[in-house]
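Engineer: Provided herewith: my_file-v5.txt, compact mmCIF, C-alpha atoms and all ligand atoms.
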# COMPACT_ATOMS: atom_id res chain seq x y z
CA MET N 1 59.64 19.22 6.36
CA SER N 2 62.47 18.88 3.86
CA GLY N 3 65.85 17.18 4.16
CA SER N 4 64.97 13.47 4.10
CA ILE N 5 66.73 13.00 0.75
CA TYR N 6 70.47 12.38 0.51
CA GLY N 7 72.66 12.22 -2.61
CA LYS N 8 72.38 13.59 -6.15
CA ASN N 9 73.32 10.74 -8.48
CA PHE N 10 72.73 7.78 -6.17
CA CYS N 11 70.02 9.10 -3.98
CA ILE N 12 68.12 7.83 -0.94
CA SER N 13 64.87 9.14 0.46
CA THR N 14 64.15 7.73 3.94
CA TRP N 15 60.69 7.76 5.51
CA GLY N 16 58.80 6.47 8.55
CA GLU N 17 58.70 6.88 12.32
CA SER N 18 59.85 4.65 15.17
CA HIS N 19 56.31 3.70 16.22
CA GLY N 20 54.53 4.11 12.88
CA LYS N 21 53.39 1.15 10.76
CA ALA N 22 56.63 0.78 8.85
CA ILE N 23 59.89 2.45 7.99
CA GLY N 24 61.80 2.46 4.72
CA VAL N 25 63.67 4.04 1.86
CA VAL N 26 63.39 4.75 -1.84
CA VAL N 27 66.70 4.42 -3.70
CA ASP N 28 66.91 6.40 -6.92
CA GLY N 29 69.75 6.27 -9.45
CA CYS N 30 70.80 2.66 -8.97
CA PRO N 31 72.32 1.39 -12.24
CA SER N 32 70.52 -1.51 -13.93
CA GLY N 33 71.99 -5.00 -14.00
CA LEU N 34 73.03 -5.39 -10.35
CA GLU N 35 72.04 -8.79 -8.97
CA LEU N 36 70.09 -7.99 -5.83
CA ASP N 37 67.76 -9.81 -3.47
CA GLU N 38 66.36 -9.30 0.00
CA GLU N 39 69.17 -11.34 1.58
CA ASP N 40 71.77 -8.80 0.40
CA ILE N 41 69.94 -6.08 2.31
CA GLN N 42 68.88 -8.24 5.24
CA ALA N 43 72.52 -9.10 6.06
CA PHE N 44 73.15 -5.38 6.65
CA LEU N 45 69.94 -4.77 8.60
CA ASP N 46 70.74 -7.72 10.87
CA ARG N 47 73.97 -6.00 11.92
CA ARG N 48 71.91 -2.95 13.03
CA LYS N 49 69.03 -4.91 14.57
CA PRO N 50 68.12 -4.32 18.23
CA GLY N 51 68.19 -7.00 20.94
CA GLN N 52 71.33 -8.81 19.81
CA SER N 53 73.20 -8.57 23.10
CA ARG N 54 72.51 -7.42 26.64
CA PHE N 55 74.38 -4.24 25.72
CA ALA N 56 71.73 -3.22 23.16
CA THR N 57 68.08 -2.20 23.46
CA GLN N 58 65.82 -5.18 24.11
CA ARG N 59 63.19 -3.96 21.63
CA ASN N 60 62.42 -7.16 19.74
CA GLU N 61 62.27 -6.32 16.03
CA SER N 62 62.98 -8.80 13.23
CA ASP N 63 63.54 -5.86 10.85
CA LYS N 64 62.63 -8.05 7.84
CA VAL N 65 62.99 -6.13 4.62
CA GLU N 66 60.62 -6.35 1.64
CA ILE N 67 61.62 -5.15 -1.82
CA LEU N 68 58.60 -3.46 -3.40
CA SER N 69 60.01 -2.24 -6.70
CA GLY N 70 62.98 -1.84 -9.00
CA ILE N 71 64.00 -5.52 -9.33
CA PHE N 72 63.08 -7.88 -12.17
CA ASP N 73 64.50 -11.38 -12.74
CA GLY N 74 66.81 -10.88 -9.74
CA LYS N 75 68.44 -7.76 -11.13
CA THR N 76 67.99 -4.02 -10.66
CA THR N 77 66.13 -2.47 -13.60
CA GLY N 78 67.37 1.10 -13.10
CA ALA N 79 63.97 2.12 -11.70
CA PRO N 80 63.52 3.39 -8.11
CA ILE N 81 64.01 0.62 -5.54
CA SER N 82 61.51 0.86 -2.72
CA LEU N 83 62.34 -1.00 0.51
CA LEU N 84 60.01 -1.50 3.46
CA VAL N 85 60.51 -2.78 7.04
CA LYS N 86 57.39 -3.19 9.22
CA ASN N 87 57.58 -2.05 12.85
CA GLN N 88 56.42 -4.78 15.22
CA ASP N 89 57.42 -4.36 18.86
CA GLN N 90 56.32 -0.83 19.72
CA HIS N 91 55.62 -0.09 23.39
CA SER N 92 54.12 3.32 22.76
CA ASN N 93 52.74 3.53 26.36
CA ASP N 94 56.36 3.74 27.61
CA TYR N 95 56.46 7.22 26.14
CA GLU N 96 53.24 8.68 27.53
CA ASN N 97 54.94 10.07 30.66
CA ILE N 98 57.32 12.08 28.47
CA ALA N 99 54.69 13.30 25.97
CA SER N 100 54.77 16.82 27.37
CA VAL N 101 58.30 16.83 28.86
CA TYR N 102 61.52 17.50 26.99
CA ARG N 103 63.97 14.62 27.42
CA PRO N 104 67.52 15.97 27.96
CA GLY N 105 69.83 15.10 25.05
CA HIS N 106 66.93 14.40 22.68
CA ALA N 107 65.28 16.36 19.87
CA ASP N 108 62.02 16.81 21.84
CA PHE N 109 62.62 20.48 22.73
CA THR N 110 63.91 21.65 19.35
CA TRP N 111 61.31 19.64 17.38
CA THR N 112 58.40 21.02 19.43
CA GLN N 113 59.68 24.59 19.12
CA LYS N 114 60.07 24.17 15.37
CA TYR N 115 56.96 22.19 14.38
CA GLY N 116 54.52 23.00 17.21
CA PHE N 117 54.00 19.34 18.18
CA ARG N 118 55.79 16.03 17.87
CA ASP N 119 55.32 12.28 17.56
CA TYR N 120 56.70 11.49 21.03
CA ARG N 121 56.44 7.71 20.62
CA GLY N 122 60.02 6.41 20.56
CA GLY N 123 61.40 9.68 19.22
CA GLY N 124 59.33 9.50 16.01
CA ARG N 125 61.47 10.49 13.09
CA SER N 126 64.47 11.39 15.31
CA SER N 127 64.71 7.78 16.46
CA GLY N 128 67.69 5.56 15.73
CA ARG N 129 65.21 3.45 13.72
CA GLU N 130 65.33 6.07 10.97
CA THR N 131 68.76 4.64 10.14
CA ILE N 132 67.07 1.45 8.84
CA GLY N 133 66.46 3.28 5.55
CA ARG N 134 70.07 4.41 5.37
CA VAL N 135 71.41 0.92 6.04
CA ALA N 136 69.05 -0.69 3.50
CA GLY N 137 70.15 1.84 0.85
CA GLY N 138 73.76 1.56 1.97
CA ALA N 139 73.72 -2.23 1.47
CA ILE N 140 73.05 -1.63 -2.23
CA ALA N 141 75.81 0.99 -2.47
CA VAL N 142 78.28 -1.38 -0.77
CA LYS N 143 77.39 -4.11 -3.29
CA ILE N 144 77.95 -1.78 -6.24
CA LEU N 145 81.28 -0.58 -4.81
CA ALA N 146 82.35 -4.21 -4.34
CA THR N 147 81.92 -4.81 -8.08
CA LEU N 148 84.54 -2.04 -8.53
CA GLY N 149 86.92 -3.63 -6.01
CA VAL N 150 86.20 -1.05 -3.27
CA SER N 151 85.57 -2.37 0.25
CA ILE N 152 84.77 -0.75 3.59
CA GLN N 153 85.83 -1.70 7.11
CA SER N 154 84.12 0.01 10.02
CA TYR N 155 84.49 -0.94 13.69
CA SER N 156 84.61 0.50 17.20
CA ARG N 157 87.89 2.28 17.92
CA LYS N 158 87.06 3.47 21.41
CA ILE N 159 84.37 2.64 23.97
CA GLY N 160 84.28 5.22 26.75
CA GLU N 161 87.97 5.79 27.46
CA ILE N 162 89.10 2.32 26.39
CA GLU N 163 90.83 2.27 22.98
CA ILE N 164 91.96 -0.54 20.67
CA SER N 165 95.65 -1.11 19.99
CA ASP N 166 96.72 -0.81 16.32
CA GLU N 167 99.33 -3.54 16.91
CA ARG N 168 96.62 -6.06 17.87
CA PHE N 169 94.15 -4.88 15.16
CA ASP N 170 92.20 -7.78 13.62
CA PHE N 171 89.17 -6.67 11.62
CA ASN N 172 87.61 -10.15 11.63
CA GLU N 173 87.45 -10.05 15.44
CA SER N 174 85.13 -7.04 15.26
CA LYS N 175 82.46 -9.24 13.65
CA LYS N 176 82.50 -11.66 16.58
CA ASN N 177 81.95 -9.54 19.72
CA PRO N 178 78.98 -7.39 20.81
CA PHE N 179 81.07 -4.19 20.80
CA ALA N 180 82.43 -4.53 17.21
CA LEU N 181 85.96 -4.27 18.60
CA PRO N 182 88.87 -5.41 16.38
CA ASP N 183 91.06 -5.99 19.46
CA VAL N 184 90.19 -9.15 21.37
CA GLN N 185 92.32 -8.18 24.37
CA ILE N 186 90.15 -5.27 25.52
CA ILE N 187 86.71 -6.89 25.18
CA GLU N 188 86.49 -8.03 28.82
CA LYS N 189 87.55 -4.63 30.12
CA VAL N 190 84.96 -2.91 27.91
CA GLU N 191 82.28 -5.37 29.02
CA GLN N 192 82.97 -4.63 32.70
CA TYR N 193 83.03 -0.88 32.02
CA VAL N 194 79.68 -0.84 30.18
CA GLN N 195 78.12 -3.17 32.75
CA LYS N 196 79.18 -0.81 35.54
CA GLN N 197 77.62 2.20 33.81
CA MET N 198 74.40 0.21 33.24
CA GLU N 199 74.27 -0.59 36.98
CA HIS N 200 74.53 3.16 37.62
CA GLN N 201 71.62 3.67 35.18
CA ASP N 202 74.06 5.54 32.97
CA SER N 203 75.24 5.24 29.35
CA VAL N 204 78.48 5.20 27.35
CA GLY N 205 79.83 6.80 24.16
CA GLY N 206 82.77 6.04 21.89
CA ILE N 207 84.49 6.38 18.53
CA ILE N 208 83.85 4.46 15.30
CA GLU N 209 86.69 4.25 12.79
CA CYS N 210 86.09 3.59 9.10
CA LYS N 211 88.53 2.64 6.36
CA VAL N 212 87.67 2.54 2.66
CA LEU N 213 90.08 0.27 0.82
CA SER N 214 91.12 0.34 -2.86
CA LEU N 215 89.30 3.56 -3.68
CA PRO N 216 90.56 4.91 -7.02
CA VAL N 217 92.06 8.40 -7.40
CA GLY N 218 89.66 11.15 -8.51
CA ILE N 219 86.47 10.74 -6.45
CA GLY N 220 85.09 14.04 -5.10
CA GLU N 221 84.74 17.56 -6.45
CA PRO N 222 87.10 20.40 -5.57
CA VAL N 223 84.71 22.94 -4.01
CA PHE N 224 81.37 22.26 -2.28
CA ASP N 225 81.18 18.53 -3.04
CA LYS N 226 84.56 17.65 -1.57
CA LEU N 227 84.72 13.98 -0.62
CA ASP N 228 85.69 14.83 2.97
CA ALA N 229 83.03 17.57 3.22
CA ASN N 230 80.29 15.22 2.03
CA LEU N 231 81.49 12.47 4.36
CA ALA N 232 81.37 14.94 7.26
CA LYS N 233 77.78 15.84 6.41
CA ALA N 234 76.80 12.20 6.00
CA MET N 235 78.28 11.23 9.36
CA LEU N 236 77.02 14.23 11.31
CA SER N 237 73.51 13.53 9.98
CA ILE N 238 73.45 10.29 12.01
CA GLY N 239 71.72 10.72 15.40
CA ALA N 240 74.14 10.91 18.36
CA VAL N 241 77.21 11.71 16.19
CA LYS N 242 79.09 14.64 17.71
CA GLY N 243 82.44 14.64 15.90
CA PHE N 244 84.13 13.77 12.59
CA GLU N 245 87.79 13.74 11.59
CA MET N 246 89.78 12.52 8.56
CA GLY N 247 93.27 11.09 8.74
CA ASP N 248 95.14 12.75 11.61
CA GLY N 249 92.12 15.04 12.07
CA PHE N 250 92.30 17.26 15.15
CA ALA N 251 95.79 15.93 15.97
CA SER N 252 96.99 17.61 12.72
CA ALA N 253 96.89 20.91 14.57
CA ASN N 254 99.83 19.74 16.73
CA LEU N 255 102.03 18.73 13.78
CA LYS N 256 104.48 20.69 11.64
CA GLY N 257 104.17 20.73 7.83
CA SER N 258 107.23 18.50 7.56
CA GLU N 259 105.50 15.94 9.79
CA HIS N 260 102.03 16.13 8.29
CA ASN N 261 102.83 16.21 4.54
CA ASP N 262 102.56 12.82 2.87
CA ALA N 263 105.58 12.49 0.56
CA PHE N 264 105.14 11.12 -2.98
CA ARG N 265 107.24 8.30 -4.41
CA LEU N 266 107.06 5.91 -7.35
CA GLY N 267 105.72 2.45 -6.52
CA LYS N 268 105.20 -0.66 -8.62
CA GLN N 269 104.99 -0.01 -12.38
CA GLN N 270 105.92 3.64 -11.76
CA ALA N 271 102.57 4.37 -10.10
CA ILE N 272 102.60 7.49 -7.89
CA ILE N 273 102.10 6.57 -4.23
CA LYS N 274 102.17 8.40 -0.89
CA THR N 275 104.64 7.16 1.70
CA SER N 276 102.29 8.00 4.60
CA ASN N 277 98.62 8.88 5.02
CA HIS N 278 98.20 11.75 7.47
CA ALA N 279 95.64 13.27 5.08
CA GLY N 280 93.38 10.22 5.38
CA GLY N 281 93.13 9.62 1.62
CA VAL N 282 91.80 12.98 0.40
CA LEU N 283 93.73 15.93 -1.10
CA GLY N 284 91.82 19.03 -2.16
CA GLY N 285 88.51 17.21 -1.70
CA ILE N 286 89.51 14.44 -4.17
CA SER N 287 90.46 10.86 -3.27
CA ASP N 288 94.23 10.37 -3.67
CA GLY N 289 94.40 6.58 -4.08
CA SER N 290 95.35 5.81 -0.45
CA ASP N 291 92.87 4.23 1.92
CA LEU N 292 90.27 6.64 3.24
CA VAL N 293 90.50 6.79 7.03
CA PHE N 294 88.02 8.71 9.16
CA ARG N 295 86.57 8.63 12.65
CA VAL N 296 83.19 9.48 14.11
CA ALA N 297 82.53 10.37 17.77
CA ILE N 298 79.26 9.06 19.24
CA LYS N 299 77.85 10.61 22.39
CA PRO N 300 76.63 8.50 25.34
CA THR N 301 72.99 7.44 24.84
CA ALA N 302 70.68 10.28 25.87
CA SER N 303 67.97 8.03 27.37
CA ILE N 304 69.17 7.07 30.83
CA ALA N 305 67.03 5.74 33.68
CA GLN N 306 68.43 8.21 36.24
CA VAL N 307 66.19 11.03 37.41
CA GLN N 308 66.99 14.15 35.36
CA SER N 309 65.92 17.79 35.50
CA SER N 310 63.75 19.13 32.71
CA VAL N 311 60.94 21.50 31.80
CA ASN N 312 57.53 20.57 30.44
CA GLN N 313 55.43 22.17 27.72
CA ASN N 314 53.65 24.33 30.35
CA ASN N 315 57.03 25.85 31.25
CA GLU N 316 57.17 24.10 34.64
CA GLU N 317 60.38 22.64 36.05
CA VAL N 318 59.96 18.90 36.53
CA ASP N 319 61.96 15.76 37.26
CA ILE N 320 61.90 13.13 34.54
CA GLN N 321 62.67 9.41 34.61
CA ILE N 322 62.82 7.74 31.21
CA GLN N 323 61.04 4.42 30.76
CA GLY N 324 61.38 2.17 27.74
CA ARG N 325 64.11 0.06 26.21
CA HIS N 326 67.27 1.86 25.15
CA ASP N 327 70.79 1.14 24.02
CA PRO N 328 73.17 1.69 26.95
CA ILE N 329 75.72 2.27 24.19
CA ILE N 330 74.91 3.20 20.59
CA VAL N 331 78.41 2.70 19.14
CA PRO N 332 78.23 -1.01 18.09
CA ARG N 333 74.84 -0.62 16.39
CA ALA N 334 75.98 2.53 14.60
CA VAL N 335 79.02 0.82 13.03
CA VAL N 336 76.96 -0.45 10.07
CA VAL N 337 75.21 2.94 9.80
CA VAL N 338 78.61 4.65 9.39
CA GLU N 339 79.61 2.06 6.78
CA SER N 340 76.34 2.58 4.90
CA MET N 341 76.56 6.38 4.88
CA ALA N 342 80.19 6.12 3.72
CA ALA N 343 79.17 3.83 0.83
CA LEU N 344 76.27 6.11 -0.18
CA THR N 345 78.53 9.19 -0.17
CA ILE N 346 81.36 7.56 -2.09
CA LEU N 347 79.11 5.97 -4.71
CA ASP N 348 77.22 9.22 -5.22
CA LEU N 349 80.48 11.14 -5.82
CA LEU N 350 81.95 8.31 -7.89
CA LEU N 351 79.02 8.55 -10.31
CA GLN N 352 79.34 12.35 -10.35
CA SER N 353 83.09 12.06 -11.05
CA MET N 354 82.45 10.07 -14.23
CA SER N 355 81.61 13.28 -16.08
CA SER N 356 84.81 15.16 -15.17
CA ARG N 357 86.72 14.63 -18.44
CA LEU N 358 85.58 15.12 -22.02
CA ASP N 359 87.90 12.39 -23.37
CA LYS N 360 86.32 9.84 -21.00
CA ILE N 361 82.76 10.93 -21.92
CA GLN N 362 83.67 10.56 -25.61
CA LYS N 363 85.14 7.13 -24.94
CA PHE N 364 81.99 6.07 -23.05
CA PHE N 365 79.74 7.06 -25.95
CA HIS N 366 82.23 5.67 -28.52
CA THR N 367 82.49 9.01 -30.30
CA THR N 368 86.29 8.79 -30.54
C1 LIG N 401 71.50 3.05 15.61
C2 LIG N 401 71.09 4.11 16.60
C3 LIG N 401 70.38 3.74 17.76
C4 LIG N 401 70.02 4.69 18.72
N1 LIG N 401 69.37 4.29 19.85
C5 LIG N 401 69.11 5.20 20.82
C6 LIG N 401 68.49 4.78 22.07
O1 LIG N 401 68.17 3.60 22.28
N2 LIG N 401 68.27 5.74 23.00
C7 LIG N 401 68.62 7.07 22.80
O2 LIG N 401 68.45 7.89 23.70
N3 LIG N 401 69.19 7.47 21.64
C8 LIG N 401 69.43 6.59 20.66
N4 LIG N 401 70.01 7.02 19.48
C9 LIG N 401 70.40 8.44 19.32
C10 LIG N 401 69.25 9.41 19.22
O3 LIG N 401 68.47 9.13 18.09
C11 LIG N 401 69.80 10.85 19.17
O4 LIG N 401 70.76 11.05 20.16
C12 LIG N 401 68.68 11.87 19.39
O5 LIG N 401 67.76 11.80 18.32
C13 LIG N 401 69.21 13.32 19.47
O6 LIG N 401 69.96 13.67 18.33
P1 LIG N 401 71.48 14.18 18.44
O7 LIG N 401 72.15 13.30 19.46
O8 LIG N 401 72.04 13.96 17.07
O9 LIG N 401 71.44 15.61 18.85
C14 LIG N 401 70.36 6.07 18.50
C15 LIG N 401 71.04 6.44 17.33
C16 LIG N 401 71.42 5.48 16.38
C17 LIG N 401 72.18 5.90 15.16
I need this file expressed as C-alpha cells, please.
Ligand SMILES: Cc1cc2nc3c(=O)[nH]c(=O)nc-3n(C[C@H](O)[C@H](O)[C@H](O)COP(=O)(O)O)c2cc1C
Structural biologist:
Amino acid sequence: MSGSIYGKNFCISTWGESHGKAIGVVVDGCPSGLELDEEDIQAFLDRRKPGQSRFATQRNESDKVEILSGIFDGKTTGAPISLLVKNQDQHSNDYENIASVYRPGHADFTWTQKYGFRDYRGGGRSSGRETIGRVAGGAIAVKILATLGVSIQSYSRKIGEIEISDERFDFNESKKNPFALPDVQIIEKVEQYVQKQMEHQDSVGGIIECKVLSLPVGIGEPVFDKLDANLAKAMLSIGAVKGFEMGDGFASANLKGSEHNDAFRLGKQQAIIKTSNHAGGVLGGISDGSDLVFRVAIKPTASIAQVQSSVNQNNEEVDIQIQGRHDPIIVPRAVVVVESMAALTILDLLLQSMSSRLDKIQKFFHTT
C-alpha cells in the first residue's frame, strides 16, 4: 500500500491504525535550529482530541505525544522527527457486528474489494485517528511558518445550513465554543440543530474556511505543483472532505470577468497590491501576496445509529445498526486538521520555491 507520504521538501509519513497499539508520523526535511518540544505539538493535538464536548465522540483518548527522534538540546537537528501517540480507549468489540458488513459512507466496501480483507476495528487506517499524524506534523510546519510571519486561521463557516455572518466575524470566538464558530450569535441555533439531529440518530456536515495571512508572493509552481492544486489534494485527502474551493470558488462561474478580476494598484511604498481578492490569493498557481482564502466541505458523519440497508461479504442484503462512539459532526474536530494540512502544503512549496532564481541561490551560497 503506497500513498502514506505527503510532501517533497517538508515531508510527512503517517502510520498506524485506529485500534492498533499506537499511531504517529515521521517528519522529514525539517530545518535544524527550530526550538521544539512536546508541548508545541500537544497544543495542536488537544484541539483535535475526542471527547471534548457532547457534540464529539466520547472515545476517551489523552492523545499524549512522545518525540522519539530529531531533537537535541530543545532544538530540531535536521534529522527525521518521529512522533508517537499511544491508543488507549479502544472498544474493538463494538465493531464485531460490522466485521463482515459494509457500513454505508465508509471505506469498508472499497477497501475489502481492493485489499481482500480489512482491519474493521474503528475503520483501521481509514479512521479519523489517522489525522493525528497530520496534525502532529502540521504543528511543526505552523511553528516554522510563524517564524516567517505567516499565520493561519481556520474555523467553521457553516454547520448544516447555518452560516456565520462576515459582519460579526471574530476569530477569537471560534476558540471558545465547541463548534469552532467565529460568530457568537449563531452558536445557540447550531447547538439546537445538532442536538435535534442527534435525537434523530442522525449526523450533520458543514464547511470549514481557512485563511493564510501574510504569505509572501511567489509560493507555488506554475504547472503540476500549483499552490491551489496542492491545497486541493491536501484537503481532499482528509476523510469526509467532499469539496474544495479557493476565493470565490464555484460562485466564480456566475461572475463576469469585470466582476471577478482583482485590479492592481500601488499601495504603501509603491508596493503592488490587489484591490479585491476574488482569486483567493493565488494567480497562475503562485501566491500573489493577498491572504489565501479557501473552503472545505465536510460531509455528515457516516456512522449513524439509524438502521441502514447494506450488503455483507457473502453478498446477502442485510440491515445494519452501527454501535460505537462517533462524532455526530466532524467539522469542529477537522478544523485543526485543515490548518495542519494547509501549513504542510505551504511550507513544502515555500521550501521548493527557494530554488526558483539563480541570483537568490548565488546570494544564499555567497557566490556573488
Ligand atoms: C477528525 C476526523 C474525525 C472523524 N470521525 C468520524 C467518526 O466518528 N465517525 C465516522 O463515521 N467518520 C468519521 N470521520 C470520517 C471518516 O473517516 C470518513 O468519512 C470515512 O473514512 C470515509 O471516507 P470518505 O468520507 O473520505 O469517503 C472522521 C474524519 C476526521 C477527519
Engineer: Taking all atoms listed in the file into account, which of N:Ser126, N:Asn315, N:Gln153, N:Asn277 comes nearest ligand LIG 401 (chain N)?
Structural biologist: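 Of the candidates, the smallest distance to ligand LIG 401 (chain N) is held by N:Ser126.
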Engineer: Please give me, as a PyMOL selection string, the residues lying within 7 Å of ligand LIG 401 (chain N) when counting all atoms listed in the file.
Structural biologist: chain N and resi 48+57+105-107+123+126-129+131+238-241+299+301-303+325-327+330+333-334+337
Engineer: Could you work out how far CA of Asp228 in chain N lies from CA of Ile132 in chain N, giving the answer in Å with one decimal?
Structural biologist: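 It comes out at 23.7 Å.
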Engineer: If I put a ball of radius 10 Å at (77.6, -4.1, -6.4) in the file's coordinates, which residues poke into it when counting all atoms listed in the file, written as a PyMOL selection string?
Structural biologist: chain N and resi 30-31+33-36+139-150
Engineer: Limited to C-alpha atoms, could you put the picked residues into a file as a PDB file, in the coordinates of the input?
Structural biologist:
ATOM      1  CA  CYS N  30      70.800   2.660  -8.970  1.00  0.00           C
ATOM      2  CA  PRO N  31      72.320   1.390 -12.240  1.00  0.00           C
ATOM      3  CA  GLY N  33      71.990  -5.000 -14.000  1.00  0.00           C
ATOM      4  CA  LEU N  34      73.030  -5.390 -10.350  1.00  0.00           C
ATOM      5  CA  GLU N  35      72.040  -8.790  -8.970  1.00  0.00           C
ATOM      6  CA  LEU N  36      70.090  -7.990  -5.830  1.00  0.00           C
ATOM      7  CA  ALA N 139      73.720  -2.230   1.470  1.00  0.00           C
ATOM      8  CA  ILE N 140      73.050  -1.630  -2.230  1.00  0.00           C
ATOM      9  CA  ALA N 141      75.810   0.990  -2.470  1.00  0.00           C
ATOM     10  CA  VAL N 142      78.280  -1.380  -0.770  1.00  0.00           C
ATOM     11  CA  LYS N 143      77.390  -4.110  -3.290  1.00  0.00           C
ATOM     12  CA  ILE N 144      77.950  -1.780  -6.240  1.00  0.00           C
ATOM     13  CA  LEU N 145      81.280  -0.580  -4.810  1.00  0.00           C
ATOM     14  CA  ALA N 146      82.350  -4.210  -4.340  1.00  0.00           C
ATOM     15  CA  THR N 147      81.920  -4.810  -8.080  1.00  0.00           C
ATOM     16  CA  LEU N 148      84.540  -2.040  -8.530  1.00  0.00           C
ATOM     17  CA  GLY N 149      86.920  -3.630  -6.010  1.00  0.00           C
ATOM     18  CA  VAL N 150      86.200  -1.050  -3.270  1.00  0.00           C
TER      19      VAL N 150
END
Engineer: Between N:Val101, N:Ile186, N:Ile41, N:Val338, which one has atoms that come closest to Ile320 in chain N, using only C-alpha atoms?
Structural biologist: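 Ranking N:Val101, N:Ile186, N:Ile41, N:Val338 by distance to Ile320 in chain N, first place goes to N:Val101.
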Engineer: Just to confirm, what's the straight-line distance from CA of Ser258 in chain N to CA of Val212 in chain N in Å (one decimal)?
Structural biologist: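 We find that CA of Ser258 in chain N and CA of Val212 in chain N lie 25.7 Å from each other.
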Engineer: Pick out the closest residue to Asn314 in chain N from this set: N:Met341, N:Ser355, N:Tyr102, N:Asn97. Count all atoms listed in the file.
Structural biologist: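 Using all atoms listed in the file, Asn314 in chain N sits closest to N:Tyr102.
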Engineer: Can you tell me how far CA of Ser100 in chain N sits from CA of Arg125 in chain N, in Å to one decimal?
Structural biologist: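 Answer for the CA of Ser100 in chain N to CA of Arg125 in chain N separation: 17.0 Å.
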Engineer: Between N:Asp89, N:Ser53, N:Phe169, N:Phe109, which one has atoms that come closest to Gln313 in chain N, using only C-alpha atoms?
Structural biologist: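 Closest to Gln313 in chain N of all the choices is N:Phe109.
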Engineer: Rank N:Lys64, N:Val307, N:Gly160, N:Val223 by their smallest atom-to-atom distance to Gln323 in chain N, using all atoms listed in the file, and report the top residue only.
Structural biologist: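 Distance minimum relative to Gln323 in chain N lands on N:Val307.
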Engineer: Looking at all atoms listed in the file, which of N:Phe364, N:Asn87, N:Pro216, N:Val336 is the one that sits closest to Asp46 in chain N?
Structural biologist: N:Val336
